file coords-v1.cif (mmCIF, C-alpha atoms)
data_final
loop_
_atom_site.group_PDB
_atom_site.id
_atom_site.type_symbol
_atom_site.label_atom_id
_atom_site.label_comp_id
_atom_site.auth_asym_id
_atom_site.auth_seq_id
_atom_site.Cartn_x
_atom_site.Cartn_y
_atom_site.Cartn_z
ATOM 1 C CA MET K 598 79.144 -178.143 166.644
ATOM 2 C CA GLN K 599 79.074 -176.280 169.936
ATOM 3 C CA THR K 600 76.262 -174.123 171.164
ATOM 4 C CA ALA K 601 76.005 -171.682 174.008
ATOM 5 C CA THR K 602 73.069 -170.337 175.953
ATOM 6 C CA ARG K 603 74.682 -167.495 177.875
ATOM 7 C CA THR K 604 73.221 -164.027 177.449
ATOM 8 C CA TYR K 605 74.981 -161.676 175.034
ATOM 9 C CA GLU K 606 74.833 -157.914 175.145
ATOM 10 C CA HIS K 607 71.466 -156.359 174.485
ATOM 11 C CA GLY K 608 69.953 -153.297 172.973
ATOM 12 C CA VAL K 609 70.824 -153.268 169.252
ATOM 13 C CA ASN K 610 68.510 -151.512 166.869
ATOM 14 C CA GLY K 611 66.495 -154.469 165.623
ATOM 15 C CA ALA K 612 63.464 -154.451 163.425
ATOM 16 C CA ALA K 613 59.939 -154.480 164.815
ATOM 17 C CA PRO K 614 58.768 -157.860 166.131
ATOM 18 C CA TYR K 615 57.266 -160.256 163.622
ATOM 19 C CA ASN K 616 53.552 -160.522 164.334
ATOM 20 C CA GLY K 617 52.484 -163.588 162.365
ATOM 21 C CA LEU K 618 53.690 -166.138 164.883
ATOM 22 C CA PHE K 619 52.311 -169.646 164.923
ATOM 23 C CA SER K 620 51.707 -171.307 168.273
ATOM 24 C CA MET K 621 52.558 -174.788 167.001
ATOM 25 C CA PRO K 622 55.918 -176.174 168.179
ATOM 26 C CA GLY K 623 58.672 -175.411 165.696
ATOM 27 C CA TYR K 624 56.767 -172.617 163.954
ATOM 28 C CA GLN K 625 57.731 -169.894 166.425
ATOM 29 C CA VAL K 626 59.713 -167.095 164.775
ATOM 30 C CA TYR K 627 62.943 -165.923 166.422
ATOM 31 C CA GLU K 628 65.258 -163.017 165.687
ATOM 32 C CA TYR K 629 68.875 -163.714 164.768
ATOM 33 C CA GLN K 630 71.959 -161.813 163.772
ATOM 34 C CA LEU K 631 75.424 -162.796 162.663
ATOM 35 C CA VAL K 632 78.005 -160.440 164.156
ATOM 36 C CA LEU K 633 81.784 -160.185 164.190
ATOM 37 C CA ALA K 634 83.498 -161.415 167.354
ATOM 38 C CA ILE K 635 85.055 -158.206 168.737
ATOM 39 C CA PRO K 636 87.930 -158.324 171.287
ATOM 40 C CA ASP K 637 87.047 -157.167 174.794
ATOM 41 C CA THR K 638 89.684 -154.418 174.633
ATOM 42 C CA ILE K 639 87.892 -152.784 171.692
ATOM 43 C CA LYS K 640 84.473 -153.151 173.319
ATOM 44 C CA ASP K 641 85.770 -151.562 176.525
ATOM 45 C CA ARG K 642 87.097 -148.561 174.570
ATOM 46 C CA ILE K 643 83.724 -148.023 172.898
ATOM 47 C CA ARG K 644 81.844 -148.297 176.196
ATOM 48 C CA LYS K 645 84.157 -145.728 177.773
ATOM 49 C CA LEU K 646 83.582 -143.329 174.881
ATOM 50 C CA ARG K 647 79.826 -143.689 175.311
ATOM 51 C CA GLN K 648 80.139 -143.120 179.058
ATOM 52 C CA GLN K 649 82.286 -140.019 178.542
ATOM 53 C CA PHE K 650 79.823 -138.617 176.018
ATOM 54 C CA SER K 651 76.922 -139.085 178.435
ATOM 55 C CA GLU K 652 78.817 -137.367 181.243
ATOM 56 C CA GLN K 653 80.037 -134.493 179.068
ATOM 57 C CA TYR K 654 76.563 -133.647 177.771
ATOM 58 C CA ASN K 655 74.622 -134.582 180.903
ATOM 59 C CA LEU K 656 72.691 -137.375 179.232
ATOM 60 C CA PRO K 657 71.378 -140.597 180.789
ATOM 61 C CA VAL K 658 73.805 -143.489 180.562
ATOM 62 C CA PRO K 659 72.661 -145.528 177.535
ATOM 63 C CA ARG K 660 70.830 -148.725 178.367
ATOM 64 C CA ASN K 661 72.296 -150.065 175.146
ATOM 65 C CA SER K 662 75.683 -151.449 176.201
ATOM 66 C CA ALA K 663 76.060 -153.724 173.185
ATOM 67 C CA VAL K 664 79.117 -153.268 171.005
ATOM 68 C CA MET K 665 78.335 -155.150 167.816
ATOM 69 C CA ILE K 666 79.250 -155.141 164.138
ATOM 70 C CA PRO K 667 76.412 -157.081 162.463
ATOM 71 C CA LEU K 668 76.781 -158.701 159.054
ATOM 72 C CA VAL K 669 73.092 -159.591 158.771
ATOM 73 C CA LYS K 670 69.938 -159.440 160.907
ATOM 74 C CA PHE K 671 67.049 -161.755 160.161
ATOM 75 C CA ARG K 672 64.163 -163.886 161.441
ATOM 76 C CA GLN K 673 63.563 -167.604 161.057
ATOM 77 C CA ARG K 674 61.255 -170.299 162.333
ATOM 78 C CA GLN K 675 62.529 -172.640 165.011
ATOM 79 C CA LEU K 676 62.070 -175.723 162.827
ATOM 80 C CA LEU K 677 64.560 -174.351 160.266
ATOM 81 C CA GLU K 678 67.139 -173.202 162.803
ATOM 82 C CA GLU K 679 69.406 -176.249 162.542
ATOM 83 C CA LYS K 680 69.506 -176.101 158.742
ATOM 84 C CA MET K 681 70.201 -172.373 158.837
ATOM 85 C CA ARG K 682 72.958 -172.781 161.438
ATOM 86 C CA SER K 683 74.657 -175.561 159.519
ATOM 87 C CA SER K 684 74.647 -173.550 156.302
ATOM 88 C CA LEU K 685 75.984 -170.428 158.033
ATOM 89 C CA HIS K 686 78.666 -172.454 159.799
ATOM 90 C CA GLN K 687 79.787 -173.995 156.531
ATOM 91 C CA LEU K 688 79.907 -170.579 154.859
ATOM 92 C CA VAL K 689 81.849 -168.866 157.662
ATOM 93 C CA MET K 690 84.420 -171.673 157.857
ATOM 94 C CA GLY K 691 85.336 -170.852 154.264
ATOM 95 C CA TRP K 692 86.195 -167.237 155.087
ATOM 96 C CA ARG K 693 89.798 -166.198 155.609
ATOM 97 C CA PRO K 694 90.490 -164.160 158.786
ATOM 98 C CA PHE K 695 90.706 -160.465 157.946
ATOM 99 C CA THR K 696 91.531 -157.161 159.604
ATOM 100 C CA VAL K 697 88.847 -154.673 160.587
ATOM 101 C CA ASN K 698 89.790 -151.001 160.877
ATOM 102 C CA MET K 699 87.842 -148.216 162.574
ATOM 103 C CA LYS K 700 88.796 -144.589 162.076
ATOM 104 C CA ASP K 701 87.596 -141.220 163.405
ATOM 105 C CA TYR K 702 83.948 -140.136 163.685
ATOM 106 C CA LYS K 703 80.994 -139.548 161.397
ATOM 107 C CA SER K 704 77.427 -138.419 162.006
ATOM 108 C CA MET K 705 73.899 -139.074 160.900
ATOM 109 C CA PRO K 706 72.725 -135.484 160.506
ATOM 110 C CA THR K 707 70.690 -134.112 163.391
ATOM 111 C CA HIS K 708 70.720 -137.130 165.704
ATOM 112 C CA SER K 709 73.690 -139.583 165.911
ATOM 113 C CA ILE K 710 77.478 -139.783 166.128
ATOM 114 C CA TYR K 711 79.372 -142.969 165.329
ATOM 115 C CA ILE K 712 82.728 -144.531 164.492
ATOM 116 C CA PRO K 713 82.765 -145.930 160.932
ATOM 117 C CA VAL K 714 84.253 -149.291 160.062
ATOM 118 C CA THR K 715 86.543 -148.592 157.114
ATOM 119 C CA SER K 716 87.349 -152.194 156.062
ATOM 120 C CA LYS K 717 84.711 -152.179 153.364
ATOM 121 C CA SER K 718 85.964 -154.722 150.807
ATOM 122 C CA ALA K 719 86.172 -157.707 153.183
ATOM 123 C CA LEU K 720 82.807 -156.929 154.781
ATOM 124 C CA GLN K 721 81.144 -156.412 151.413
ATOM 125 C CA GLN K 722 82.416 -159.807 150.283
ATOM 126 C CA CYS K 723 80.942 -161.400 153.420
ATOM 127 C CA GLY K 724 77.651 -159.679 152.649
ATOM 128 C CA ARG K 725 77.579 -160.942 149.068
ATOM 129 C CA GLU K 726 78.155 -164.525 150.183
ATOM 130 C CA LEU K 727 75.487 -164.259 152.868
ATOM 131 C CA LYS K 728 73.003 -162.936 150.307
ATOM 132 C CA SER K 729 73.507 -166.109 148.274
ATOM 133 C CA MET K 730 71.795 -168.070 151.068
ATOM 134 C CA GLN K 731 69.233 -165.487 152.143
ATOM 135 C CA HIS K 732 66.382 -167.908 151.364
ATOM 136 C CA LEU K 733 67.416 -169.556 154.669
ATOM 137 C CA LEU K 734 67.478 -166.207 156.476
ATOM 138 C CA ARG K 735 63.774 -165.394 156.365
ATOM 139 C CA PRO K 736 60.539 -167.060 157.518
ATOM 140 C CA ASP K 737 58.766 -165.986 154.320
ATOM 141 C CA THR K 738 59.215 -163.635 151.374
ATOM 142 C CA SER K 739 57.582 -160.756 153.267
ATOM 143 C CA HIS K 740 60.346 -160.626 155.906
ATOM 144 C CA ASN K 741 63.683 -160.403 154.119
ATOM 145 C CA PRO K 742 67.002 -160.256 155.992
ATOM 146 C CA PHE K 743 68.588 -156.868 156.676
ATOM 147 C CA PHE K 744 72.138 -156.294 155.411
ATOM 148 C CA PRO K 745 73.730 -153.075 156.766
ATOM 149 C CA LEU K 746 74.969 -150.763 154.033
ATOM 150 C CA GLU K 747 77.718 -149.505 156.318
ATOM 151 C CA GLN K 748 79.107 -151.079 159.489
ATOM 152 C CA GLN K 749 79.483 -148.664 162.372
ATOM 153 C CA LEU K 750 79.795 -148.394 166.133
ATOM 154 C CA ILE K 751 77.322 -145.910 167.608
ATOM 155 C CA ILE K 752 78.659 -143.531 170.254
ATOM 156 C CA ALA K 753 75.452 -141.533 170.779
ATOM 157 C CA ALA K 754 72.047 -141.789 169.107
ATOM 158 C CA LYS K 755 68.697 -139.968 169.135
ATOM 159 C CA LEU K 756 70.349 -136.766 170.343
ATOM 160 C CA PRO K 757 68.295 -133.593 170.852
ATOM 161 C CA PRO K 758 69.106 -131.053 168.096
ATOM 162 C CA GLY K 759 70.948 -128.615 170.359
ATOM 163 C CA ILE K 760 73.177 -131.293 171.865
ATOM 164 C CA TYR K 761 73.839 -132.942 168.509
ATOM 165 C CA GLU K 762 75.036 -129.685 166.953
ATOM 166 C CA LYS K 763 77.255 -128.824 169.903
ATOM 167 C CA ALA K 764 78.736 -132.324 170.112
ATOM 168 C CA TRP K 765 79.380 -132.673 166.386
ATOM 169 C CA GLN K 766 81.326 -129.399 166.350
ATOM 170 C CA GLN K 767 83.811 -131.194 168.621
ATOM 171 C CA TYR K 768 83.688 -134.773 167.345
ATOM 172 C CA ALA K 769 84.051 -133.761 163.689
ATOM 173 C CA TYR K 770 87.686 -132.908 164.488
ATOM 174 C CA ARG K 771 88.448 -135.701 166.943
ATOM 175 C CA HIS K 772 90.396 -138.795 165.983
ATOM 176 C CA PHE K 773 89.950 -142.469 166.756
ATOM 177 C CA ASN K 774 91.923 -145.454 165.491
ATOM 178 C CA ALA K 775 91.506 -149.136 166.252
ATOM 179 C CA GLN K 776 91.857 -152.422 164.450
ATOM 180 C CA PHE K 777 91.506 -156.112 165.177
ATOM 181 C CA MET K 778 91.730 -159.430 163.381
ATOM 182 C CA VAL K 779 88.390 -161.141 162.763
ATOM 183 C CA ASP K 780 88.812 -164.870 163.382
ATOM 184 C CA ALA K 781 85.226 -165.729 164.365
ATOM 185 C CA CYS K 782 81.596 -164.694 164.070
ATOM 186 C CA LEU K 783 78.809 -165.106 166.626
ATOM 187 C CA LEU K 784 75.299 -166.220 165.756
ATOM 188 C CA LEU K 785 72.925 -164.500 168.199
ATOM 189 C CA LYS K 786 69.295 -165.341 168.933
ATOM 190 C CA ARG K 787 66.369 -163.917 170.877
ATOM 191 C CA LYS K 788 62.608 -164.149 170.952
ATOM 192 C CA SER K 789 60.894 -161.518 168.842
ATOM 193 C CA GLY K 790 60.493 -158.311 170.802
ATOM 194 C CA GLU K 791 62.882 -159.271 173.619
ATOM 195 C CA GLN K 792 65.893 -157.149 174.541
ATOM 196 C CA HIS K 793 68.535 -159.701 175.485
ATOM 197 C CA TRP K 794 70.492 -161.747 172.958
ATOM 198 C CA GLN K 795 72.001 -165.165 173.521
ATOM 199 C CA ILE K 796 75.029 -166.596 171.768
ATOM 200 C CA LEU K 797 73.693 -169.542 169.828
ATOM 201 C CA GLN K 798 77.004 -170.508 168.239
ATOM 202 C CA ARG K 799 80.547 -169.270 167.716
ATOM 203 C CA MET K 800 81.745 -169.840 164.150
ATOM 204 C CA GLU K 801 85.476 -169.782 163.378
ATOM 205 C CA LEU K 802 86.940 -168.372 160.158
ATOM 206 C CA LYS K 803 89.233 -171.131 158.877
ATOM 207 C CA ASP K 804 89.755 -170.431 155.149
ATOM 208 C CA MET K 805 88.702 -173.989 154.373
ATOM 209 C CA PRO K 806 87.954 -175.271 150.851
ATOM 210 C CA VAL K 807 84.315 -176.143 150.186
ATOM 211 C CA GLY K 808 84.971 -179.886 149.890
ATOM 212 C CA VAL K 809 86.796 -180.012 153.225
ATOM 213 C CA LYS K 810 84.060 -177.986 154.940
ATOM 214 C CA GLN K 811 81.352 -180.313 153.678
ATOM 215 C CA GLY K 812 83.313 -183.382 154.730
ATOM 216 C CA MET K 813 83.755 -182.080 158.260
ATOM 217 C CA LEU K 814 80.199 -180.869 158.590
ATOM 218 C CA PHE K 815 78.388 -183.909 157.274
ATOM 219 C CA ALA K 816 80.766 -186.761 158.118
#

call {"tool": "encode", "arguments": {"input": "coords-v1.cif", "output": "structure tokens"}}
result
Amino acid sequence: MQTATRTYEHGVNGAAPYNGLFSMPGYQVYEYQLVLAIPDTIKDRIRKLRQQFSEQYNLPVPRNSAVMIPLVKFRQRQLLEEKMRSSLHQLVMGWRPFTVNMKDYKSMPTHSIYIPVTSKSALQQCGRELKSMQHLLRPDTSHNPFFPLEQQLIIAAKLPPGIYEKAWQQYAYRHFNAQFMVDACLLLKRKSGEQHWQILQRMELKDMPVGVKQGMLFA
């Protein structure tokens, strides 16, 4: 099981920091998210679209450069991290690689424009399987994991009303198409309230039977 400590992209819309932290070793609460591994070519296209939007509407360049498609966001205590990672790894290894499609633009009325991910059935199945182990994806019953209802890639968010209306008149008729094969997920981690994420582990989708996964993981 390989781990990595390099910094990932930062700036996703995470939940507010968890305040009931314990100072004892192992009881610190960290933020995590499991995201799809997106090819660099797709991420570069999204960044360019964001840059073009900022230039066209004379907006500051977004500090949020992250291009992520999260499956779940959650918090957990350090002492349960290894158990949580092992269970997630075992689950993800059982998934079959699948295609993700992104098409055109949608909006959140009055403030945001985004590209929707249209591969709903495969992502919904991933979400259902993750929910079966959500007892490992929370530090307590008051802080449940967050499962996105719809995966999307934000192009512009928190737009002033005048700019939103003007931009959406154009983007409502624009087209975008992209797809990629998902063959891995990334487990990301950061301290509560921090901005930068680190890749804790890359998890490959291998379509492995449960018995084989368990034998590999616990041999």

call {"tool": "atom_distance", "arguments": {"input": "coords-v1.cif", "atom1": "CA of Gln687 in chain K", "atom2": "CA of Lys803 in chain K"}}
result
10.1 Å

call {"tool": "closest_residue", "arguments": {"input": "coords-v1.cif", "among": "K:Asp701, K:Asp637, K:Glu678, K:Glu652", "to": "Gln625 in chain K", "atoms": "only C-alpha atoms"}}
result
K:Glu678

call {"tool": "resolve_selection", "arguments": {"input": "coords-v1.cif", "expression": "the PyMOL selection byres ((chain K and resi 682) around 10)", "output": "list of chain:residue names"}}
result
K:Met598, K:Leu677, K:Glu678, K:Glu679, K:Lys680, K:Met681, K:Ser683, K:Ser684, K:Leu685, K:His686, K:Gln687, K:Leu688, K:Leu733, K:Leu734, K:Leu784, K:Leu797, K:Gln798, K:Met800

call {"tool": "closest_residue", "arguments": {"input": "coords-v1.cif", "among": "K:Ser729, K:Thr715, K:Gln792, K:Gln776", "to": "Thr696 in chain K", "atoms": "only C-alpha atoms"}}
result
K:Gln776

call {"tool": "resolve_selection", "arguments": {"input": "coords-v1.cif", "expression": "the PyMOL selection byres ((chain K and resi 738-743) around 9)", "output": "list of chain:residue names"}}
result
K:Ala612, K:Tyr615, K:Leu668, K:Val669, K:Lys670, K:Phe671, K:Arg672, K:Lys728, K:Gln731, K:His732, K:Leu734, K:Arg735, K:Pro736, K:Asp737, K:Phe744, K:Pro745

call {"tool": "write_last_selection", "arguments": {"input": "coords-v1.cif", "atoms": "C-alpha atoms", "output": "PDB file, in the coordinates of the input"}}
result
ATOM      1  CA  ALA K 612      63.464-154.451 163.425  1.00  0.00           C
ATOM      2  CA  TYR K 615      57.266-160.256 163.622  1.00  0.00           C
ATOM      3  CA  LEU K 668      76.781-158.701 159.054  1.00  0.00           C
ATOM      4  CA  VAL K 669      73.092-159.591 158.771  1.00  0.00           C
ATOM      5  CA  LYS K 670      69.938-159.440 160.907  1.00  0.00           C
ATOM      6  CA  PHE K 671      67.049-161.755 160.161  1.00  0.00           C
ATOM      7  CA  ARG K 672      64.163-163.886 161.441  1.00  0.00           C
ATOM      8  CA  LYS K 728      73.003-162.936 150.307  1.00  0.00           C
ATOM      9  CA  GLN K 731      69.233-165.487 152.143  1.00  0.00           C
ATOM     10  CA  HIS K 732      66.382-167.908 151.364  1.00  0.00           C
ATOM     11  CA  LEU K 734      67.478-166.207 156.476  1.00  0.00           C
ATOM     12  CA  ARG K 735      63.774-165.394 156.365  1.00  0.00           C
ATOM     13  CA  PRO K 736      60.539-167.060 157.518  1.00  0.00           C
ATOM     14  CA  ASP K 737      58.766-165.986 154.320  1.00  0.00           C
ATOM     15  CA  PHE K 744      72.138-156.294 155.411  1.00  0.00           C
ATOM     16  CA  PRO K 745      73.730-153.075 156.766  1.00  0.00           C
TER      17      PRO K 745
END

call {"tool": "resolve_selection", "arguments": {"input": "coords-v1.cif", "expression": "the PyMOL selection byres ((chain K and resi 642) around 12)", "output": "PyMOL selection string"}}
result
chain K and resi 635-641+643-649+662+664+712+750+752+773-776

call {"tool": "write_last_selection", "arguments": {"input": "coords-v1.cif", "atoms": "C-alpha atoms", "output": "PDB file, in the coordinates of the input"}}
result
ATOM      1  CA  ILE K 635      85.055-158.206 168.737  1.00  0.00           C
ATOM      2  CA  PRO K 636      87.930-158.324 171.287  1.00  0.00           C
ATOM      3  CA  ASP K 637      87.047-157.167 174.794  1.00  0.00           C
ATOM      4  CA  THR K 638      89.684-154.418 174.633  1.00  0.00           C
ATOM      5  CA  ILE K 639      87.892-152.784 171.692  1.00  0.00           C
ATOM      6  CA  LYS K 640      84.473-153.151 173.319  1.00  0.00           C
ATOM      7  CA  ASP K 641      85.770-151.562 176.525  1.00  0.00           C
ATOM      8  CA  ILE K 643      83.724-148.023 172.898  1.00  0.00           C
ATOM      9  CA  ARG K 644      81.844-148.297 176.196  1.00  0.00           C
ATOM     10  CA  LYS K 645      84.157-145.728 177.773  1.00  0.00           C
ATOM     11  CA  LEU K 646      83.582-143.329 174.881  1.00  0.00           C
ATOM     12  CA  ARG K 647      79.826-143.689 175.311  1.00  0.00           C
ATOM     13  CA  GLN K 648      80.139-143.120 179.058  1.00  0.00           C
ATOM     14  CA  GLN K 649      82.286-140.019 178.542  1.00  0.00           C
ATOM     15  CA  SER K 662      75.683-151.449 176.201  1.00  0.00           C
ATOM     16  CA  VAL K 664      79.117-153.268 171.005  1.00  0.00           C
ATOM     17  CA  ILE K 712      82.728-144.531 164.492  1.00  0.00           C
ATOM     18  CA  LEU K 750      79.795-148.394 166.133  1.00  0.00           C
ATOM     19  CA  ILE K 752      78.659-143.531 170.254  1.00  0.00           C
ATOM     20  CA  PHE K 773      89.950-142.469 166.756  1.00  0.00           C
ATOM     21  CA  ASN K 774      91.923-145.454 165.491  1.00  0.00           C
ATOM     22  CA  ALA K 775      91.506-149.136 166.252  1.00  0.00           C
ATOM     23  CA  GLN K 776      91.857-152.422 164.450  1.00  0.00           C
TER      24      GLN K 776
END

call {"tool": "residues_around", "arguments": {"input": "coords-v1.cif", "residues": "Val632 in chain K", "least_positions_apart": "2", "cutoff": "6 Å", "atoms": "only C-alpha atoms", "output": "list in words"}}
result
Ile666, Pro667, Leu668, Cys782 and Leu783 of chain K

call {"tool": "residues_around", "arguments": {"input": "coords-v1.cif", "residues": "Trp692 in chain K", "least_positions_apart": "2", "cutoff": "6 Å", "atoms": "only C-alpha atoms", "output": "list in words"}}
result
Val689, Met690, Leu802 and Asp804 of chain K

call {"tool": "atom_distance", "arguments": {"input": "coords-v1.cif", "atom1": "CA of Gln630 in chain K", "atom2": "CA of Ile710 in chain K"}}
result
22.8 Å

call {"tool": "atom_distance", "arguments": {"input": "coords-v1.cif", "atom1": "CA of Ala754 in chain K", "atom2": "CA of Gln722 in chain K"}}
result
28.0 Å

call {"tool": "residues_around", "arguments": {"input": "coords-v1.cif", "residues": "range 763-768 of chain K", "least_positions_apart": "6", "cutoff": "9 Å", "atoms": "only C-alpha atoms", "output": "list in words"}}
result
Phe650, Tyr654, Asp701, Tyr702, Lys703, Ser704, Ser709 and Ile710 of chain K

call {"tool": "closest_residue", "arguments": {"input": "coords-v1.cif", "among": "K:Met665, K:Tyr770, K:Lys788, K:Tyr627", "to": "Lys700 in chain K", "atoms": "all atoms listed in the file"}}
result
K:Tyr770

call {"tool": "closest_residue", "arguments": {"input": "coords-v1.cif", "among": "K:Leu656, K:Ile760, K:Leu631, K:Val626", "to": "Gly724 in chain K", "atoms": "only C-alpha atoms"}}
result
K:Leu631

call {"tool": "closest_residue", "arguments": {"input": "coords-v1.cif", "among": "K:Lys786, K:Arg674, K:Val658, K:Val697", "to": "Ala634 in chain K", "atoms": "all atoms listed in the file"}}
result
K:Val697
